[in-house]
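Engineer: Okay, so here is entry-v1.cif, and as you'll see once you scroll down, it has mmCIF, C-alpha atoms and all ligand atoms.
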data_model
#
loop_
_atom_site.label_atom_id
_atom_site.label_comp_id
_atom_site.auth_asym_id
_atom_site.auth_seq_id
_atom_site.Cartn_x
_atom_site.Cartn_y
_atom_site.Cartn_z
CA MET A 20 -18.46 11.27 -25.29
CA ILE A 21 -16.25 10.58 -22.29
CA VAL A 22 -16.86 13.09 -19.54
CA ALA A 23 -13.76 13.77 -17.48
CA PRO A 24 -14.49 13.45 -13.78
CA MET A 25 -13.96 16.48 -11.57
CA ASN A 26 -12.04 14.43 -9.00
CA ARG A 27 -8.89 12.81 -10.29
CA VAL A 28 -6.19 10.70 -8.71
CA HIS A 29 -2.84 11.02 -10.47
CA ILE A 30 -0.29 8.24 -10.29
CA ASP A 31 3.31 9.14 -11.09
CA LEU A 32 4.83 5.92 -12.40
CA ASP A 33 8.23 7.59 -12.81
CA ALA A 34 8.23 8.32 -9.08
CA LEU A 35 7.26 4.71 -8.38
CA ARG A 36 10.18 3.42 -10.45
CA ASN A 37 12.56 5.89 -8.86
CA ASN A 38 11.44 4.87 -5.38
CA PHE A 39 12.02 1.22 -6.26
CA ARG A 40 15.54 1.99 -7.48
CA ALA A 41 16.31 4.16 -4.44
CA LEU A 42 15.27 1.32 -2.14
CA ARG A 43 17.15 -1.29 -4.15
CA ASP A 44 20.31 0.81 -3.95
CA ARG A 45 20.23 0.46 -0.17
CA LEU A 46 20.33 -3.33 -0.25
CA ALA A 47 23.32 -5.60 -0.10
CA PRO A 48 23.95 -7.55 -3.32
CA GLY A 49 21.82 -10.67 -3.51
CA VAL A 50 18.95 -9.34 -1.41
CA GLU A 51 15.82 -9.46 -3.49
CA ILE A 52 12.88 -7.05 -3.33
CA MET A 53 9.33 -8.30 -3.24
CA ALA A 54 7.28 -5.28 -4.29
CA MET A 55 4.09 -5.25 -2.25
CA VAL A 56 1.29 -4.51 -4.68
CA LYS A 57 -1.52 -5.97 -2.61
CA ALA A 58 -4.78 -4.08 -2.24
CA ASP A 59 -4.65 -2.76 -5.79
CA ALA A 60 -1.11 -1.51 -5.14
CA TYR A 61 -2.20 0.40 -2.04
CA GLY A 62 -4.91 2.04 -4.14
CA HIS A 63 -2.51 3.05 -6.94
CA GLY A 64 -3.72 0.46 -9.47
CA LEU A 65 -2.34 -3.08 -9.45
CA ILE A 66 -1.46 -3.63 -13.08
CA PRO A 67 0.10 -0.31 -14.14
CA CYS A 68 2.13 -0.26 -10.93
CA ALA A 69 3.32 -3.86 -11.25
CA GLN A 70 4.26 -3.24 -14.89
CA ALA A 71 6.17 -0.09 -13.98
CA LEU A 72 7.95 -1.90 -11.15
CA TRP A 73 8.77 -4.76 -13.50
CA SER A 74 10.35 -2.32 -15.92
CA ALA A 75 12.45 -1.00 -13.03
CA GLY A 76 13.64 -4.52 -12.27
CA ALA A 77 11.15 -5.96 -9.80
CA ARG A 78 10.78 -9.71 -10.22
CA ALA A 79 8.72 -10.59 -7.16
CA PHE A 80 5.33 -9.22 -6.15
CA GLY A 81 3.15 -9.58 -3.09
CA VAL A 82 -0.60 -9.61 -3.69
CA ALA A 83 -3.51 -10.05 -1.28
CA ASP A 84 -5.38 -12.89 -2.95
CA VAL A 85 -5.53 -15.26 -5.90
CA ALA A 86 -7.74 -12.86 -7.87
CA GLU A 87 -5.03 -10.18 -7.71
CA GLY A 88 -2.38 -12.72 -8.68
CA MET A 89 -4.39 -13.89 -11.69
CA ALA A 90 -5.02 -10.29 -12.75
CA LEU A 91 -1.24 -9.75 -12.83
CA ARG A 92 -0.69 -12.89 -14.90
CA ARG A 93 -3.43 -11.92 -17.36
CA ALA A 94 -1.65 -8.59 -17.77
CA GLY A 95 1.51 -10.48 -18.65
CA VAL A 96 3.43 -9.83 -15.43
CA GLY A 97 6.04 -12.52 -14.85
CA GLY A 98 8.20 -13.34 -11.88
CA ARG A 99 7.25 -14.63 -8.48
CA ILE A 100 3.80 -13.75 -7.16
CA LEU A 101 3.25 -14.41 -3.47
CA VAL A 102 -0.41 -14.65 -2.44
CA LEU A 103 -0.41 -13.31 1.11
CA LEU A 104 -3.83 -14.53 2.22
CA GLY A 105 -3.21 -18.00 0.85
CA VAL A 106 -5.56 -19.97 -1.31
CA ARG A 107 -9.09 -21.31 -0.95
CA GLU A 108 -10.23 -24.73 -2.03
CA THR A 109 -12.04 -23.24 -5.04
CA GLU A 110 -8.85 -21.59 -6.30
CA LEU A 111 -6.46 -24.54 -6.45
CA ALA A 112 -6.50 -24.74 -10.25
CA GLU A 113 -5.65 -21.04 -10.57
CA VAL A 114 -2.56 -21.52 -8.44
CA VAL A 115 -1.31 -23.91 -11.10
CA THR A 116 -2.40 -22.02 -14.21
CA GLY A 117 -1.18 -18.73 -12.76
CA ASN A 118 2.01 -20.24 -11.34
CA LEU A 119 1.21 -18.43 -8.10
CA THR A 120 3.03 -18.96 -4.82
CA PRO A 121 0.53 -19.22 -1.99
CA VAL A 122 1.34 -18.45 1.61
CA ILE A 123 0.69 -21.54 3.68
CA PHE A 124 -0.46 -21.73 7.31
CA ASP A 125 -2.70 -24.78 7.32
CA LEU A 126 -1.79 -28.44 6.73
CA ASP A 127 -5.18 -29.36 5.29
CA MET A 128 -4.73 -26.70 2.65
CA ALA A 129 -1.19 -27.93 2.07
CA ARG A 130 -2.56 -31.43 1.37
CA LEU A 131 -5.10 -30.09 -1.11
CA LEU A 132 -2.39 -28.11 -2.86
CA ALA A 133 -0.11 -31.15 -3.01
CA GLU A 134 -2.95 -33.18 -4.51
CA GLN A 135 -3.58 -30.50 -7.10
CA ALA A 136 0.12 -30.38 -7.92
CA ARG A 137 0.30 -34.14 -8.50
CA LYS A 138 -2.90 -34.06 -10.55
CA SER A 139 -1.49 -31.30 -12.73
CA GLY A 140 1.96 -32.81 -12.91
CA VAL A 141 3.69 -29.73 -11.49
CA THR A 142 5.41 -28.64 -8.32
CA ILE A 143 3.71 -25.88 -6.37
CA SER A 144 5.95 -23.55 -4.40
CA VAL A 145 4.66 -22.31 -1.07
CA HIS A 146 5.96 -19.91 1.54
CA LEU A 147 5.34 -20.81 5.16
CA LYS A 148 4.23 -17.97 7.40
CA VAL A 149 5.23 -17.99 11.04
CA ASP A 150 3.78 -15.66 13.64
CA THR A 151 6.74 -14.36 15.63
CA GLY A 152 4.71 -11.70 17.39
CA MET A 153 2.35 -10.07 14.93
CA GLY A 154 -0.69 -11.88 16.28
CA ARG A 155 -2.14 -12.26 12.81
CA LEU A 156 -1.89 -14.90 10.08
CA GLY A 157 0.68 -17.68 10.42
CA ILE A 158 1.51 -20.72 12.53
CA MET A 159 2.95 -20.34 16.00
CA PRO A 160 6.68 -20.93 16.54
CA GLU A 161 6.15 -24.14 18.47
CA GLU A 162 4.21 -25.62 15.54
CA VAL A 163 6.95 -25.01 12.99
CA ALA A 164 9.03 -28.16 13.43
CA LEU A 165 6.14 -30.59 12.97
CA PHE A 166 4.59 -28.48 10.22
CA VAL A 167 7.80 -28.43 8.18
CA GLU A 168 8.39 -32.13 8.75
CA THR A 169 4.87 -32.91 7.50
CA LEU A 170 5.21 -30.58 4.52
CA ARG A 171 8.36 -32.37 3.46
CA THR A 172 6.45 -35.63 3.15
CA MET A 173 4.00 -34.08 0.67
CA LYS A 174 4.98 -34.77 -2.92
CA GLY A 175 4.23 -31.92 -5.27
CA LEU A 176 4.88 -29.13 -2.76
CA GLU A 177 8.09 -27.22 -2.45
CA LEU A 178 8.75 -25.17 0.65
CA ALA A 179 10.32 -22.33 -1.27
CA GLY A 180 10.07 -19.67 1.38
CA PHE A 181 9.85 -19.06 5.07
CA PHE A 182 8.72 -15.77 6.46
CA SER A 183 7.22 -13.65 9.21
CA HIS A 184 6.07 -10.09 9.76
CA PHE A 185 6.96 -7.25 12.16
CA PRO A 186 4.15 -5.45 14.02
CA VAL A 187 6.15 -2.53 15.47
CA ALA A 188 9.20 -2.00 13.28
CA ASP A 189 8.03 1.56 12.65
CA GLY A 190 7.67 2.36 16.35
CA PRO A 191 10.08 4.22 18.59
CA ASP A 192 11.10 1.14 20.59
CA SER A 193 13.35 -1.23 18.69
CA SER A 194 13.54 -3.92 21.38
CA LEU A 195 10.53 -6.02 20.32
CA THR A 196 11.62 -5.97 16.68
CA HIS A 197 15.10 -7.01 17.74
CA LEU A 198 13.72 -9.90 19.82
CA GLN A 199 11.45 -10.95 17.00
CA GLY A 200 14.38 -11.03 14.60
CA LEU A 201 16.26 -13.28 17.02
CA GLU A 202 13.26 -15.55 17.47
CA PHE A 203 12.89 -15.79 13.70
CA SER A 204 16.55 -16.77 13.32
CA ARG A 205 16.20 -19.32 16.11
CA ILE A 206 13.20 -20.97 14.44
CA LEU A 207 15.03 -21.02 11.13
CA GLN A 208 17.97 -22.80 12.67
CA GLN A 209 15.78 -25.15 14.64
CA CYS A 210 13.89 -26.33 11.58
CA GLY A 211 17.16 -26.74 9.78
CA ARG A 212 17.45 -24.06 7.19
CA ASP A 213 20.32 -25.87 5.53
CA GLN A 214 18.52 -29.17 5.50
CA SER A 215 15.20 -28.02 4.07
CA LYS A 216 16.67 -25.08 2.20
CA PRO A 217 13.75 -22.73 1.81
CA SER A 218 15.43 -20.59 -0.78
CA LEU A 219 13.83 -17.39 0.40
CA VAL A 220 13.76 -16.19 3.97
CA HIS A 221 12.11 -12.84 4.54
CA ILE A 222 10.61 -10.72 7.29
CA ALA A 223 11.31 -7.02 6.63
CA ASN A 224 8.57 -4.55 5.69
CA SER A 225 9.48 -0.96 4.73
CA ALA A 226 10.27 0.12 8.27
CA ALA A 227 12.50 -2.86 9.03
CA MET A 228 14.12 -2.63 5.62
CA LEU A 229 15.08 0.99 6.21
CA ARG A 230 15.98 0.75 9.88
CA TYR A 231 17.28 -2.75 10.52
CA PRO A 232 19.60 -4.09 7.80
CA ASP A 233 20.21 -7.20 9.90
CA THR A 234 16.61 -8.26 9.17
CA HIS A 235 16.99 -8.35 5.39
CA PHE A 236 17.77 -12.08 5.02
CA ASP A 237 17.18 -13.12 1.36
CA MET A 238 14.38 -10.75 0.49
CA VAL A 239 12.63 -7.61 1.75
CA ARG A 240 8.97 -6.71 1.29
CA PRO A 241 8.57 -2.94 1.05
CA GLY A 242 5.13 -1.52 0.41
CA ILE A 243 4.46 1.98 1.66
CA SER A 244 7.97 3.22 0.90
CA LEU A 245 7.55 2.26 -2.77
CA TYR A 246 4.61 4.62 -2.86
CA GLY A 247 6.74 7.39 -1.39
CA CYS A 248 5.46 7.50 2.16
CA CYS A 249 7.23 6.86 5.42
CA PRO A 250 6.16 3.79 7.37
CA SER A 251 5.67 5.97 10.40
CA GLY A 252 4.37 9.44 9.71
CA ARG A 253 6.84 10.86 12.21
CA ASN A 254 10.11 9.02 11.71
CA LEU A 255 11.65 9.28 8.31
CA PHE A 256 14.32 6.53 8.47
CA ILE A 257 15.49 7.66 5.04
CA ASP A 258 16.60 10.90 3.47
CA PRO A 259 13.21 12.32 2.45
CA GLY A 260 14.74 13.38 -0.85
CA CYS A 261 15.12 9.73 -1.86
CA LEU A 262 11.43 8.91 -2.01
CA ALA A 263 8.75 10.84 -3.86
CA PRO A 264 5.00 10.52 -3.34
CA VAL A 265 3.40 8.57 -6.18
CA MET A 266 -0.25 9.54 -5.69
CA SER A 267 -1.86 12.95 -5.80
CA PHE A 268 -5.55 13.84 -5.62
CA LYS A 269 -7.08 16.84 -7.34
CA THR A 270 -10.45 18.44 -7.87
CA GLN A 271 -11.66 21.77 -9.16
CA VAL A 272 -13.69 24.66 -7.81
CA LEU A 273 -17.42 24.29 -8.44
CA GLN A 274 -18.64 27.65 -7.14
CA VAL A 275 -17.16 30.75 -5.51
CA LYS A 276 -19.45 32.82 -3.30
CA ASP A 277 -19.33 35.53 -0.66
CA LEU A 278 -20.94 35.06 2.73
CA PRO A 279 -21.47 37.75 5.36
CA ALA A 280 -20.06 37.40 8.88
CA GLY A 281 -22.16 35.18 11.12
CA HIS A 282 -23.29 32.77 8.38
CA GLY A 283 -23.40 29.06 9.14
CA ILE A 284 -21.70 26.60 6.81
CA SER A 285 -22.80 23.07 5.87
CA TYR A 286 -24.74 20.50 7.89
CA GLY A 287 -24.97 21.21 11.59
CA HIS A 288 -23.51 24.69 11.13
CA THR A 289 -20.33 23.47 12.86
CA ALA A 290 -18.58 26.47 11.31
CA VAL A 291 -19.92 30.05 11.36
CA THR A 292 -18.13 32.81 9.47
CA ARG A 293 -16.35 35.30 11.73
CA ARG A 294 -15.82 37.80 8.93
CA PRO A 295 -17.18 38.36 5.45
CA THR A 296 -15.94 35.16 3.87
CA ARG A 297 -15.27 34.05 0.33
CA LEU A 298 -16.13 30.41 0.06
CA ALA A 299 -15.16 27.90 -2.62
CA VAL A 300 -17.51 24.94 -2.97
CA LEU A 301 -15.68 21.78 -4.07
CA PRO A 302 -17.32 18.75 -5.71
CA VAL A 303 -15.59 16.26 -3.42
CA GLY A 304 -16.91 14.55 -0.31
CA TYR A 305 -16.80 11.37 1.69
CA HIS A 306 -18.19 9.36 -1.21
CA ASP A 307 -14.92 10.19 -2.96
CA GLY A 308 -12.87 9.18 0.06
CA TYR A 309 -12.57 12.74 1.32
CA SER A 310 -13.51 11.66 4.82
CA ARG A 311 -15.97 13.46 7.08
CA LYS A 312 -13.10 13.51 9.58
CA LEU A 313 -11.65 16.29 7.43
CA SER A 314 -14.53 18.59 8.44
CA ASN A 315 -13.10 21.84 9.85
CA ARG A 316 -9.65 20.21 9.77
CA GLY A 317 -8.44 19.49 6.27
CA LYS A 318 -6.55 21.92 4.09
CA VAL A 319 -6.35 22.14 0.31
CA LEU A 320 -4.15 24.03 -2.13
CA ILE A 321 -5.59 26.63 -4.50
CA HIS A 322 -3.45 29.02 -6.56
CA GLY A 323 -0.45 27.68 -4.66
CA GLN A 324 -1.90 28.73 -1.31
CA SER A 325 -3.37 26.78 1.55
CA ALA A 326 -7.12 27.02 2.21
CA PRO A 327 -8.89 25.38 5.18
CA VAL A 328 -12.00 23.22 5.00
CA LEU A 329 -14.93 25.01 6.63
CA GLY A 330 -17.83 23.09 8.12
CA ARG A 331 -18.74 19.46 7.61
CA VAL A 332 -17.61 17.50 4.61
CA CYS A 333 -20.75 16.29 2.78
CA MET A 334 -21.28 13.24 0.58
CA ASN A 335 -20.28 14.94 -2.68
CA ALA A 336 -19.19 18.40 -1.58
CA CYS A 337 -17.16 20.38 0.87
CA MET A 338 -16.34 24.05 1.36
CA VAL A 339 -13.02 25.83 1.79
CA ASP A 340 -12.21 29.38 2.87
CA VAL A 341 -10.56 31.29 0.03
CA THR A 342 -10.99 34.78 1.48
CA ASP A 343 -7.21 35.19 1.50
CA VAL A 344 -6.57 33.61 -1.88
CA ALA A 345 -6.84 36.16 -4.66
CA GLY A 346 -8.77 35.55 -7.84
CA VAL A 347 -10.27 32.09 -7.26
CA ARG A 348 -12.80 31.15 -9.92
CA ALA A 349 -14.99 28.20 -10.75
CA GLY A 350 -12.98 25.55 -12.58
CA ASP A 351 -9.67 26.35 -10.88
CA GLU A 352 -7.54 23.37 -9.91
CA VAL A 353 -7.61 22.32 -6.26
CA VAL A 354 -5.03 19.95 -4.83
CA LEU A 355 -6.39 17.80 -2.02
CA MET A 356 -3.17 15.79 -1.71
CA GLY A 357 0.03 16.44 -3.61
CA ARG A 358 1.97 19.44 -4.78
CA GLN A 359 0.86 22.79 -6.18
CA GLY A 360 3.50 25.46 -6.70
CA GLU A 361 5.66 25.78 -3.62
CA LEU A 362 3.34 23.92 -1.29
CA ALA A 363 2.49 20.26 -0.87
CA ILE A 364 0.08 18.22 1.19
CA SER A 365 1.40 14.76 2.04
CA ALA A 366 -0.58 11.58 2.62
CA ASP A 367 0.76 11.70 6.16
CA GLN A 368 -0.71 15.17 6.70
CA VAL A 369 -4.09 14.05 5.42
CA ALA A 370 -3.78 10.96 7.61
CA GLY A 371 -3.10 13.16 10.62
CA TRP A 372 -6.27 15.16 10.01
CA MET A 373 -8.19 11.93 9.49
CA GLU A 374 -6.67 10.27 12.58
CA THR A 375 -5.37 7.38 10.53
CA ILE A 376 -2.23 6.37 8.59
CA SER A 377 -1.10 7.17 5.08
CA TYR A 378 -1.83 3.59 4.00
CA GLU A 379 -5.55 4.06 4.56
CA VAL A 380 -5.60 7.47 2.88
CA LEU A 381 -3.96 6.03 -0.26
CA CYS A 382 -6.35 3.05 -0.39
CA LEU A 383 -9.31 5.35 0.12
CA PHE A 384 -8.48 8.04 -2.43
CA GLY A 385 -7.15 5.55 -4.97
CA GLY A 386 -10.04 3.17 -4.50
CA ARG A 387 -12.73 5.78 -4.92
CA ASN A 388 -11.60 7.86 -7.87
CA ARG A 389 -10.63 7.65 -11.50
CA LYS A 390 -6.88 7.22 -11.82
CA TYR A 391 -4.65 8.88 -14.41
CA TYR A 392 -1.15 7.61 -15.04
CA ASP A 393 1.80 9.88 -15.68
CA ASP A 394 4.55 7.90 -17.31
CA THR A 395 7.29 9.79 -19.11
CA GLN A 396 9.92 7.03 -18.80
CA GLY A 397 7.55 4.80 -20.71
CA GLY A 398 8.00 1.13 -21.26
CA VAL A 399 4.60 0.43 -19.79
CA ALA A 400 1.34 -0.24 -21.55
CA ALA A 401 -0.59 1.27 -18.69
CA GLY A 402 -4.05 2.12 -19.86
CA ASN A 403 -5.92 4.53 -17.66
CA SER A 404 -8.21 2.62 -15.38
CA PRO A 405 -11.97 2.90 -15.56
CA GLY A 406 -12.19 4.02 -11.97
C1 LIG B 501 1.64 -5.07 3.60
C2 LIG B 501 2.72 -5.96 3.99
C3 LIG B 501 4.07 -5.56 3.86
C4 LIG B 501 4.49 -4.16 3.47
O1 LIG B 501 4.45 -3.31 4.59
P1 LIG B 501 4.87 -1.77 4.45
O2 LIG B 501 4.78 -1.24 5.83
O3 LIG B 501 3.84 -1.15 3.56
O4 LIG B 501 6.22 -1.73 3.87
C5 LIG B 501 5.04 -6.50 4.12
N1 LIG B 501 4.72 -7.77 4.51
C6 LIG B 501 3.43 -8.17 4.66
C7 LIG B 501 3.15 -9.57 5.08
C8 LIG B 501 2.39 -7.28 4.41
O5 LIG B 501 1.13 -7.69 4.57
#
Translate the structure of the given file into structure tokens.
Ligand SMILES: *Cc1c(COP(=O)(O)O)cnc(C)c1O

Structural biologist:
Amino acid sequence: MIVAPMNRVHIDLDALRNNFRALRDRLAPGVEIMAMVKADAYGHGLIPCAQALWSAGARAFGVADVAEGMALRRAGVGGRILVLLGVRETELAEVVTGNLTPVIFDLDMARLLAEQARKSGVTISVHLKVDTGMGRLGIMPEEVALFVETLRTMKGLELAGFFSHFPVADGPDSSLTHLQGLEFSRILQQCGRDQSKPSLVHIANSAAMLRYPDTHFDMVRPGISLYGCCPSGRNLFIDPGCLAPVMSFKTQVLQVKDLPAGHGISYGHTAVTRRPTRLAVLPVGYHDGYSRKLSNRGKVLIHGQSAPVLGRVCMNACMVDVTDVAGVRAGDEVVLMGRQGELAISADQVAGWMETISYEVLCLFGGRNRKYYDDTQGGVAAGNSPG
């Protein structure tokens, strides 16, 4: 017998496809979308999401590592798969069998890849990553000329792409992003875009894609917007009606009980009832990604009404105040993130309570709980994941 878990993450694949189409509709003809499905599709489930995006027209995917790329290929996903963290020496053969496109930032690795390509009798496409200000992966601008020149001498490798990444495109100040865009264009020209013809030049994440059309180049790399969240919790950059949240997180009431005024709640008694209080105990805690930061801060939806978390969130349980919610009983549905009736709790709201960003909330909830896929448009063989 399969026992249904009490905590369930729901993934709305229709919303994912609609978000993809809404984003695509904003692009000039010829600009390609690389759907960022790294990190298990931001916690939404790599394969069902990539398959749904494929059915909506996505033909390029960004994954974190070779393992994710191979998982996509095994599931029959075609198109271009960019491996953002590059490749390790032990994974060279997979790059060939999986026809993966590694990001390159190291000439030694480039040599090994070229060798592998010649050995296998294929050409391996790579995308060169340049650090124009992110301070993360990639070669520095002054290294580009020599790097590209050396790459061109390596038989078996094709420099198919050239890209960079914005650190503050979601922030209030556009000046750094603007400067970075200019620097990126300058480097492109300097290393002779026409001469070496990397067919795909790209730099824009969701924020830049939505805010700065002049940064689109040949391809854009939206992630968070595909999943229906805004890159910055505060600024929308897009009509909020265009994007719908893809993930929701639900549990159910385990116990309802009445406490007198003056009764402490949960570890440390950080909350004490001020009035006779009806409490609902929920079977969800930090083990399930419902962070301890949500203690005395989070809110949930029960019977279409908002109920606050009281006291500390425990490992597998937390308590909410349902004194003002009529008729709550054990087994009733509780929405931790998502919509119930007229009300909704967004990933950004949860992120605010947790002092983090929606990205982390999605990875956390999605990574820790059994996922269920809603897919009315069909066209996807998306089995429900084991957890
Ligand atoms: C994750 C990532 C993106 C997507 O960023 P969003 O803010 O989620 O749109 C784009 N490019 C790179 C290199 C990334 O790592």

Engineer: Given the point (-8.9, -25.3, -11.5) in the coordinates of this file, which residues lie within 12 Å, counting all atoms listed in the file, and how would they look as a list in words?

Structural biologist: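 So the residues meeting the distance criterion are Val85, Val106, Arg107, Glu108, Thr109, Glu110, Leu111, Ala112, Glu113, Val114, Val115, Thr116, Gly117, Leu132, Gln135, Ala136, Lys138 and Ser139 of chain A.
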
Engineer: Just checking: using all atoms listed in the file, which residue out of A:Lys276, A:Lys57, A:His306, A:His235 ends up closest to Ala349 of chain A?

Structural biologist: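 Distance minimum relative to Ala349 of chain A lands on A:Lys276.
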
Engineer: Given a cut-off of 6 Å, what residues near ligand LIG 501 (chain B) show up using all atoms listed in the file, put as a ChimeraX atom specification?

Structural biologist: /A:55,184,224-225,240-243,250

Engineer: Keeping only C-alpha atoms, write those residues as a short mmCIF file (atom, residue, chain, number, x, y, z; two decimals), in the frame of the given file.

Structural biologist:
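Contents of the output file selection-v6.cif:
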data_model
loop_
_atom_site.label_atom_id
_atom_site.label_comp_id
_atom_site.auth_asym_id
_atom_site.auth_seq_id
_atom_site.Cartn_x
_atom_site.Cartn_y
_atom_site.Cartn_z
CA MET A 55 4.09 -5.25 -2.25
CA HIS A 184 6.07 -10.09 9.76
CA ASN A 224 8.57 -4.55 5.69
CA SER A 225 9.48 -0.96 4.73
CA ARG A 240 8.97 -6.71 1.29
CA PRO A 241 8.57 -2.94 1.05
CA GLY A 242 5.13 -1.52 0.41
CA ILE A 243 4.46 1.98 1.66
CA PRO A 250 6.16 3.79 7.37
#

Engineer: Can you measure atom CA of Asp351 of chain A to atom CA of Lys318 of chain A for me? One decimal in Å is fine.

Structural biologist: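 Computed distance, atom CA of Asp351 of chain A to atom CA of Lys318 of chain A, equals 15.9 Å.
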
Engineer: By how many Å are atom CA of Leu170 of chain A and atom CA of Arg137 of chain A apart?

Structural biologist: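 Computed distance, atom CA of Leu170 of chain A to atom CA of Arg137 of chain A, equals 14.4 Å.
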
Engineer: So how far away is atom CA of Glu352 of chain A from atom CA of Val56 of chain A, in Å?

Structural biologist: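 Between atom CA of Val56 of chain A and atom CA of Glu352 of chain A the gap is 29.7 Å.
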
Engineer: Counting only C-alpha atoms, what is within 9 Å of Gly64 of chain A, bar same-chain residues fewer than 4 positions away, as a list of chain:residue names?

Structural biologist: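 The residues satisfying every condition are A:Ile30, A:Val56, A:Ala58, A:Asp59, A:Ala60, A:Cys68, A:Ala69, A:Gly385, A:Gly386, A:Lys390, A:Ser404.
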
Engineer: Ala83 of chain A: which residues within 6 Å, counting all atoms listed in the file, same-chain residues fewer than 2 positions away excluded, as number ranges by chain?

Structural biologist: A: 57, 102-104

Engineer: Pick from A:Gly283, A:Pro160, A:Gly357, A:Pro327: nearest to Ala263 of chain A, with only C-alpha atoms counted?

Structural biologist: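 For Ala263 of chain A, the nearest of the given residues is A:Gly357.
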
Engineer: Taking 5 positions as the minimum chain separation for residues in the same chain, which residues sit within 10 Å of Gly98 of chain A when counting only C-alpha atoms? Answer as a list in words.

Structural biologist: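 Skipping anything fewer than 5 positions along the chain leaves Trp73, Ala77, Arg78, Ala79, Phe80, Arg92, Asn118 and Leu119 of chain A.
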
Engineer: Restricting the calculation to only C-alpha atoms: of A:Gly281, A:Gly157, A:Gly105, A:Gly346, which residue gets closest to Val145 of chain A?

Structural biologist: A:Gly105

Engineer: Which of these, A:Val347, A:Met334, A:Leu65, A:Ala34, has the shortest distance to Cys248 of chain A once you count only C-alpha atoms?

Structural biologist: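 For Cys248 of chain A, the nearest of the given residues is A:Ala34.
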
Engineer: Could you check which of A:Thr375, A:Ile100, A:Phe268, A:Cys333 is closest to Val353 of chain A, using only C-alpha atoms?

Structural biologist: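 Ranking A:Thr375, A:Ile100, A:Phe268, A:Cys333 by distance to Val353 of chain A, first place goes to A:Phe268.
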
Engineer: Under the rule that all atoms listed in the file are counted, which of A:Arg40, A:Lys269, A:His282, A:His288 is the nearest residue to Leu301 of chain A?

Structural biologist: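 Using all atoms listed in the file, the shortest distance to Leu301 of chain A belongs to A:Lys269.
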